[in-house]
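Dumped structure.csv below, it's CSV, C-alpha atoms:
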```csv
chain,number,residue,atom,x,y,z
H,1105,MET,CA,152.7,-28.2,-45.9
H,1106,LYS,CA,151.1,-28.0,-49.3
H,1107,SER,CA,147.6,-28.1,-47.8
H,1108,LEU,CA,148.5,-25.3,-45.4
H,1109,LEU,CA,149.7,-23.1,-48.3
H,1110,ILE,CA,146.5,-23.8,-50.2
H,1111,LEU,CA,144.4,-22.8,-47.1
H,1112,VAL,CA,146.4,-19.6,-46.6
H,1113,LEU,CA,145.8,-18.7,-50.3
H,1114,LEU,CA,142.1,-19.3,-49.9
H,1115,LEU,CA,142.0,-17.1,-46.9
H,1116,VAL,CA,143.5,-14.1,-48.6
H,1117,SER,CA,141.8,-14.5,-52.0
H,1118,ASN,CA,139.1,-12.0,-51.1
H,1119,LEU,CA,141.6,-9.3,-50.1
H,1120,ALA,CA,142.7,-6.5,-52.3
H,1121,TYR,CA,146.1,-7.2,-53.9
H,1122,SER,CA,147.8,-4.4,-52.1
H,1123,GLN,CA,146.7,-5.8,-48.8
H,1124,THR,CA,147.7,-9.4,-49.4
H,1125,ILE,CA,151.4,-9.2,-48.8
H,1126,PRO,CA,151.0,-7.3,-45.5
H,1127,TYR,CA,148.3,-9.8,-44.4
H,1128,LEU,CA,150.6,-12.7,-45.1
H,1129,ARG,CA,153.5,-10.9,-43.3
H,1130,ALA,CA,151.3,-10.4,-40.3
H,1131,ILE,CA,150.3,-14.1,-40.2
H,1132,PHE,CA,153.8,-15.5,-40.7
H,1133,LEU,CA,156.3,-13.1,-39.4
H,1134,ASN,CA,154.9,-10.6,-36.8
H,1135,PRO,CA,154.2,-11.5,-33.2
H,1136,ASN,CA,151.8,-9.5,-31.1
H,1137,VAL,CA,149.7,-8.4,-34.1
H,1138,TYR,CA,146.2,-7.0,-33.5
H,1139,TYR,CA,143.7,-4.9,-35.5
H,1140,THR,CA,141.0,-2.4,-34.7
H,1141,LYS,CA,137.4,-2.3,-36.1
H,1142,VAL,CA,136.7,1.2,-34.8
H,1143,ASP,CA,138.5,4.5,-34.5
H,1144,LEU,CA,141.6,4.4,-32.4
H,1145,LYS,CA,143.4,7.5,-31.2
H,1146,LEU,CA,147.2,7.4,-31.0
H,1147,THR,CA,150.1,9.7,-30.6
H,1148,GLN,CA,152.8,9.7,-33.3
H,1149,PHE,CA,156.1,10.4,-31.5
H,1150,SER,CA,159.0,9.1,-33.6
H,1151,ASP,CA,160.0,7.6,-36.9
H,1152,ASP,CA,160.7,3.9,-37.3
H,1153,ASP,CA,164.5,4.5,-36.8
H,1154,GLY,CA,163.8,5.8,-33.3
H,1155,LYS,CA,164.3,9.5,-34.0
H,1156,LEU,CA,161.9,11.5,-31.9
H,1157,LEU,CA,159.6,14.0,-33.7
H,1158,ASP,CA,160.0,17.7,-32.7
H,1159,VAL,CA,156.2,17.9,-32.2
H,1160,PRO,CA,154.3,14.7,-31.4
H,1161,LYS,CA,151.1,14.5,-33.4
H,1162,GLU,CA,147.7,13.1,-32.5
H,1163,VAL,CA,146.3,10.8,-35.1
H,1164,VAL,CA,143.2,8.6,-35.5
H,1165,LEU,CA,143.2,5.1,-37.1
H,1166,LYS,CA,140.0,5.0,-39.1
H,1167,PRO,CA,139.1,1.6,-40.6
H,1168,THR,CA,136.9,2.2,-43.7
H,1169,SER,CA,135.3,0.3,-46.5
H,1170,GLY,CA,135.5,-3.0,-44.6
H,1171,LEU,CA,139.3,-2.8,-44.3
H,1172,THR,CA,140.6,-3.2,-40.8
H,1173,ILE,CA,143.9,-1.5,-39.7
H,1174,ARG,CA,146.5,-4.0,-38.3
H,1175,TYR,CA,149.2,-2.9,-35.8
H,1176,LYS,CA,152.0,-4.5,-33.9
H,1177,ILE,CA,152.6,-4.0,-30.1
H,1178,ALA,CA,156.3,-3.3,-30.1
H,1179,GLY,CA,156.5,-3.0,-26.3
H,1180,ILE,CA,155.2,-1.6,-23.0
H,1181,ASP,CA,156.8,1.5,-21.4
H,1182,GLY,CA,155.3,2.1,-18.0
H,1183,ASP,CA,151.6,3.0,-18.5
H,1184,TYR,CA,152.1,3.3,-22.3
H,1185,THR,CA,151.8,0.8,-25.1
H,1186,ILE,CA,154.1,1.3,-28.0
H,1187,ILE,CA,152.6,0.6,-31.5
H,1188,GLU,CA,153.9,0.1,-35.0
H,1189,LEU,CA,151.4,0.0,-37.9
H,1190,LEU,CA,151.6,-2.7,-40.6
H,1191,PRO,CA,151.6,-1.6,-44.2
H,1192,ILE,CA,149.6,-0.5,-46.2
H,1193,VAL,CA,148.4,2.6,-44.3
H,1194,LYS,CA,148.2,6.3,-45.2
H,1195,ILE,CA,148.3,9.5,-43.1
H,1196,ASN,CA,145.7,12.0,-44.5
H,1197,SER,CA,145.7,15.8,-44.2
H,1198,ASP,CA,143.2,15.7,-41.4
H,1199,ASN,CA,145.5,13.4,-39.3
H,1200,THR,CA,143.4,10.3,-39.9
H,1201,ILE,CA,145.1,7.1,-40.9
H,1202,THR,CA,143.4,4.8,-43.4
H,1203,ALA,CA,144.1,1.4,-45.0
H,1204,GLU,CA,145.2,2.6,-48.4
H,1205,ASP,CA,148.4,3.1,-50.5
H,1206,PRO,CA,150.4,6.1,-49.3
H,1207,SER,CA,151.2,8.7,-52.1
H,1208,ASN,CA,154.7,9.2,-50.8
H,1209,GLU,CA,157.0,8.3,-47.9
H,1210,ASP,CA,155.8,11.2,-45.8
H,1211,ASP,CA,152.3,9.9,-46.0
H,1212,ASN,CA,153.4,6.4,-45.1
H,1213,ALA,CA,152.0,5.8,-41.7
H,1214,ALA,CA,154.0,2.6,-41.3
H,1215,ASN,CA,157.2,4.8,-41.2
H,1216,TYR,CA,156.3,6.1,-37.7
H,1217,VAL,CA,156.0,4.8,-34.1
H,1218,TYR,CA,153.0,5.6,-31.9
H,1219,TYR,CA,151.9,5.3,-28.3
H,1220,ILE,CA,148.6,5.0,-26.3
H,1221,LYS,CA,148.0,4.8,-22.6
H,1222,SER,CA,147.3,1.1,-22.0
H,1223,LYS,CA,144.2,1.8,-20.1
H,1224,ASP,CA,142.7,3.8,-23.0
H,1225,PHE,CA,142.1,0.8,-25.2
H,1226,GLY,CA,138.4,0.4,-25.8
H,1227,LEU,CA,136.1,-2.3,-27.1
H,1228,ASN,CA,137.0,-3.6,-30.6
H,1229,GLN,CA,140.3,-1.7,-30.6
H,1230,LYS,CA,142.6,-4.6,-29.7
H,1231,ILE,CA,141.5,-7.7,-31.5
H,1232,ILE,CA,143.9,-10.6,-32.4
H,1233,LEU,CA,144.2,-11.8,-36.0
H,1234,SER,CA,141.6,-14.4,-36.9
H,1235,GLU,CA,144.4,-16.4,-38.7
H,1236,LYS,CA,148.0,-16.8,-37.5
H,1237,ILE,CA,150.9,-19.2,-37.8
H,1238,VAL,CA,151.8,-20.4,-34.3
H,1239,GLY,CA,154.1,-22.8,-32.6
H,1240,THR,CA,152.6,-24.8,-29.7
H,1241,PRO,CA,154.3,-27.0,-27.1
H,1242,LEU,CA,152.4,-30.2,-26.4
H,1243,ILE,CA,152.8,-33.5,-24.5
H,1244,PHE,CA,151.7,-36.9,-25.8
H,1245,PRO,CA,151.2,-39.2,-22.8
H,1246,TYR,CA,150.1,-42.3,-24.7
H,1247,LYS,CA,150.3,-43.7,-28.2
H,1248,LEU,CA,148.0,-46.2,-30.0
H,1249,ARG,CA,150.1,-48.4,-32.3
H,1250,LEU,CA,148.1,-50.4,-34.7
H,1251,GLN,CA,150.9,-52.7,-35.9
H,1252,ASP,CA,150.9,-56.2,-34.5
H,1253,LYS,CA,154.3,-56.8,-32.9
H,1254,GLY,CA,153.6,-60.0,-31.1
H,1255,ASP,CA,150.8,-58.7,-28.9
H,1256,GLY,CA,148.4,-57.1,-31.4
H,1257,ALA,CA,147.5,-53.4,-31.5
H,1258,SER,CA,148.5,-51.8,-28.3
H,1259,ILE,CA,148.5,-48.5,-26.3
H,1260,THR,CA,152.0,-47.8,-25.3
H,1261,THR,CA,153.0,-45.5,-22.3
H,1262,ASP,CA,155.4,-43.5,-24.4
H,1263,PHE,CA,155.7,-40.0,-23.0
H,1264,THR,CA,156.7,-37.5,-25.6
H,1265,VAL,CA,157.3,-33.8,-25.4
H,1266,GLY,CA,156.8,-32.1,-28.7
H,1267,TYR,CA,156.6,-28.8,-30.5
H,1268,THR,CA,154.1,-28.2,-33.3
H,1269,PHE,CA,153.5,-25.6,-36.0
H,1270,GLY,CA,150.2,-24.7,-37.7
H,1271,LEU,CA,147.6,-22.2,-38.8
H,1272,ARG,CA,145.5,-21.0,-35.9
H,1273,LEU,CA,142.0,-19.9,-36.6
H,1274,LYS,CA,139.9,-18.0,-34.1
H,1275,THR,CA,136.6,-19.7,-33.5
H,1276,SER,CA,134.8,-16.9,-31.7
H,1277,SER,CA,133.9,-13.4,-32.9
H,1278,ILE,CA,134.2,-12.1,-29.3
H,1279,PRO,CA,137.6,-10.5,-29.0
H,1280,TYR,CA,138.4,-11.5,-25.4
H,1281,LYS,CA,137.6,-15.2,-25.9
H,1282,GLN,CA,140.7,-17.4,-26.2
H,1283,ASN,CA,139.1,-20.2,-28.3
H,1284,PHE,CA,140.9,-21.4,-31.4
H,1285,PHE,CA,141.2,-24.2,-33.9
H,1286,THR,CA,144.6,-25.0,-35.2
H,1287,ILE,CA,145.5,-27.1,-38.3
H,1288,ILE,CA,148.9,-28.6,-37.7
H,1289,PRO,CA,150.8,-30.0,-40.7
H,1290,TYR,CA,154.1,-30.6,-38.8
H,1291,GLY,CA,155.7,-31.1,-35.4
H,1292,PHE,CA,158.6,-32.9,-33.8
H,1293,GLY,CA,159.5,-34.1,-30.3
H,1294,LEU,CA,161.5,-36.4,-28.1
H,1295,GLY,CA,160.3,-39.0,-25.6
H,1296,SER,CA,160.8,-42.2,-23.7
H,1297,THR,CA,159.6,-45.6,-25.0
H,1298,LYS,CA,160.5,-49.3,-25.0
H,1299,TYR,CA,163.1,-50.6,-27.4
H,1300,PHE,CA,162.7,-54.1,-28.8
H,1301,TYR,CA,163.3,-55.7,-32.2
H,1302,GLN,CA,162.2,-58.7,-34.3
H,1303,LYS,CA,164.6,-61.6,-34.3
H,1304,SER,CA,165.5,-63.7,-37.3
H,1305,ASP,CA,163.1,-66.4,-36.2
H,1306,GLY,CA,160.2,-64.0,-36.2
H,1307,THR,CA,159.9,-63.6,-32.4
H,1308,TYR,CA,160.6,-60.4,-30.6
H,1309,SER,CA,163.3,-59.5,-28.1
H,1310,ASP,CA,162.7,-58.4,-24.5
H,1311,LYS,CA,161.7,-54.8,-24.1
H,1312,LYS,CA,164.0,-52.3,-22.4
H,1313,ASP,CA,163.9,-48.5,-21.8
H,1314,GLY,CA,164.9,-46.3,-24.8
H,1315,VAL,CA,164.6,-42.9,-26.3
H,1316,ALA,CA,162.8,-42.2,-29.6
H,1317,ILE,CA,162.8,-39.1,-31.8
H,1318,THR,CA,159.4,-38.0,-33.1
H,1319,TYR,CA,160.4,-36.7,-36.5
H,1320,TYR,CA,156.8,-36.0,-37.7
H,1321,THR,CA,153.6,-35.0,-36.0
H,1322,GLY,CA,150.4,-33.8,-37.7
H,1323,GLY,CA,146.8,-33.2,-36.5
H,1324,LEU,CA,144.1,-30.9,-35.3
H,1325,LEU,CA,144.2,-28.9,-32.1
H,1326,TRP,CA,141.5,-27.1,-30.2
H,1327,THR,CA,142.1,-24.3,-27.6
H,1328,ILE,CA,139.3,-23.7,-25.2
H,1329,ASN,CA,139.9,-21.3,-22.3
H,1330,LYS,CA,143.6,-21.7,-22.8
H,1331,VAL,CA,143.6,-25.5,-22.6
H,1332,ASN,CA,145.0,-27.2,-25.7
H,1333,VAL,CA,143.8,-30.6,-26.7
H,1334,GLY,CA,144.0,-32.4,-30.0
H,1335,LEU,CA,144.2,-35.5,-32.1
H,1336,PHE,CA,147.4,-36.4,-33.8
H,1337,ALA,CA,149.3,-39.0,-35.9
H,1338,GLY,CA,153.0,-39.3,-36.0
H,1339,ARG,CA,156.1,-41.3,-36.6
H,1340,ASP,CA,159.1,-42.2,-34.3
H,1341,ALA,CA,162.6,-43.4,-34.9
H,1342,MET,CA,165.6,-44.6,-32.8
H,1343,ILE,CA,169.1,-44.1,-33.9
H,1344,ASP,CA,172.5,-45.8,-34.0
H,1345,LYS,CA,172.4,-49.4,-32.8
H,1346,GLN,CA,168.7,-49.2,-32.0
H,1347,ASN,CA,167.6,-48.3,-35.5
H,1348,ASN,CA,166.1,-51.8,-35.9
H,1349,TRP,CA,163.4,-50.9,-33.4
H,1350,ALA,CA,160.2,-52.8,-34.1
H,1351,TYR,CA,158.2,-49.5,-34.4
H,1352,GLN,CA,160.9,-47.7,-36.5
H,1353,GLY,CA,159.1,-45.2,-38.7
H,1354,LYS,CA,155.7,-46.8,-38.0
H,1355,TRP,CA,152.5,-44.6,-37.6
H,1356,TRP,CA,150.9,-44.0,-34.2
H,1357,LEU,CA,147.8,-42.2,-33.1
H,1358,SER,CA,147.6,-40.1,-29.9
H,1359,PHE,CA,146.1,-37.0,-28.3
H,1360,GLY,CA,148.1,-34.0,-27.4
H,1361,LEU,CA,147.7,-31.8,-24.3
H,1362,GLY,CA,149.0,-28.4,-23.5
H,1363,TYR,CA,148.2,-25.0,-21.9
H,1364,LYS,CA,148.3,-21.5,-23.4
H,1365,PHE,CA,149.9,-19.4,-20.7
H,1366,LYS,CA,149.9,-16.1,-22.6
H,1367,THR,CA,146.7,-14.2,-23.3
H,1368,ASP,CA,146.6,-12.6,-26.8
```

If you convert what's in this file into structure tokens, what do you get?
Amino acid sequence: MKSLLILVLLLVSNLAYSQTIPYLRAIFLNPNVYYTKVDLKLTQFSDDDGKLLDVPKEVVLKPTSGLTIRYKIAGIDGDYTIIELLPIVKINSDNTITAEDPSNEDDNAANYVYYIKSKDFGLNQKIILSEKIVGTPLIFPYKLRLQDKGDGASITTDFTVGYTFGLRLKTSSIPYKQNFFTIIPYGFGLGSTKYFYQKSDGTYSDKKDGVAITYYTGGLLWTINKVNVGLFAGRDAMIDKQNNWAYQGKWWLSFGLGYKFKTD
């Protein structure tokens, strides 16, 4: 986790201070976050408490000075996409919205809710964040265990279903490409394996079916055209009367597989 924190700090080190906290908030806390590189026309129709405005107002998001404007898709209502802007954004007198500190609450563009017809999104107006903290379900069909437990290093047919957490980095500058690289510092899972233990005479017992908890998984994951594949190391454990398992807490190596059903 320490390495992940250092990486995040490096990623935001080139941002203005006022933009750093919203950037981290977008990475860690907000799902469905995008940004626009070009002007984007929206209609402001309510405040963030849901109170409708007497007169909806047409506004234009205008990224300037290399600062993109980030927004969250709050929902879909028929043909319309409902949008909330992430701080820090300001409404100017000409109804443009720019990435700068608002002078007062009335000028704070993040205090309002907007809509756009879903079909009206254009190129470079709906781009996912290049960096984001994500959770990814994976399966581990085999495990390479390097410890000699009577038969040398072996590949076991343990089948583990796990869930991993990491920092996802977009590897393509093309908005519609679903290609990512994810650094995963932690994951967990549950799976089937063979239970056996070392006897007092140094030999090993017969193997029988058992269940092991994967309490740590870490590795690297690639997503190419929605297919997730990666290289991982991890540790398993059995509980109760099977906590003398020969592989208790021992490292293993494996590959993880998964599929990204949702398109960002």

Distance query Val1217 (chain H) at most 8 Å, only C-alpha atoms, self and fewer than 5 positions along chain excluded, as a ChimeraX atom specification: /H:1148-1152,1154,1186-1189

Distance query Thr1260 (chain H) at most 7 Å, only C-alpha atoms, self and fewer than 3 positions along chain excluded, as an MDAnalysis selection string: chainID H and resid 1246:1248

Hey, can you spit out that residue selection with C-alpha atoms as a compact mmCIF listing (two decimals), in the frame of the given file?
```txt
# COMPACT_ATOMS: atom_id res chain seq x y z
CA TYR H 1246 150.10 -42.30 -24.70
CA LYS H 1247 150.30 -43.70 -28.20
CA LEU H 1248 148.00 -46.20 -30.00
```

Distance criterion (all atoms listed in the file): nearest to Asp1143 (chain H) out of H:Ala1178, H:Val1193, H:Leu1227, H:Met1342: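 Between H:Ala1178, H:Val1193, H:Leu1227, H:Met1342, the residue approaching Asp1143 (chain H) most closely is H:Leu1227.
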
Between CA of Ile1173 (chain H) and CA of Ile1201 (chain H) - distance in Å to one decimal: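 Going from CA of Ile1201 (chain H) over to CA of Ile1173 (chain H) covers 8.8 Å.
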
d(CA of Lys1145 (chain H), CA of Ser1276 (chain H)) in Å: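 Spanning CA of Lys1145 (chain H) to CA of Ser1276 (chain H) is a straight-line distance of 25.9 Å.
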
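The residue that comes closest to Asp1252 (chain H), out of H:Phe1359, H:Thr1318, H:Gln1302, H:Tyr1280 and on the basis of all atoms listed in the file, is H:Gln1302.
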
Which residue of H:Ile1220, H:Leu1146, H:Ile1231, H:Ile1195 approaches Lys1281 (chain H) most closely, using only C-alpha atoms: H:Ile1231

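The residue set within 9 Å of region 1269-1274 of chain H, counting all atoms listed in the file and dropping same-chain residues fewer than 4 places from it, reads H:Leu1108, H:Leu1111, H:Val1112, H:Ile1131, H:Ile1232, H:Leu1233, H:Ser1234, H:Glu1235, H:Lys1236, H:Ile1237, H:Val1238, H:Gly1239, H:Thr1240, H:Lys1281, H:Gln1282, H:Asn1283, H:Phe1284, H:Phe1285, H:Thr1286, H:Ile1287, H:Ile1288, H:Pro1289, H:Tyr1290, H:Gly1291, H:Gly1322, H:Leu1325.
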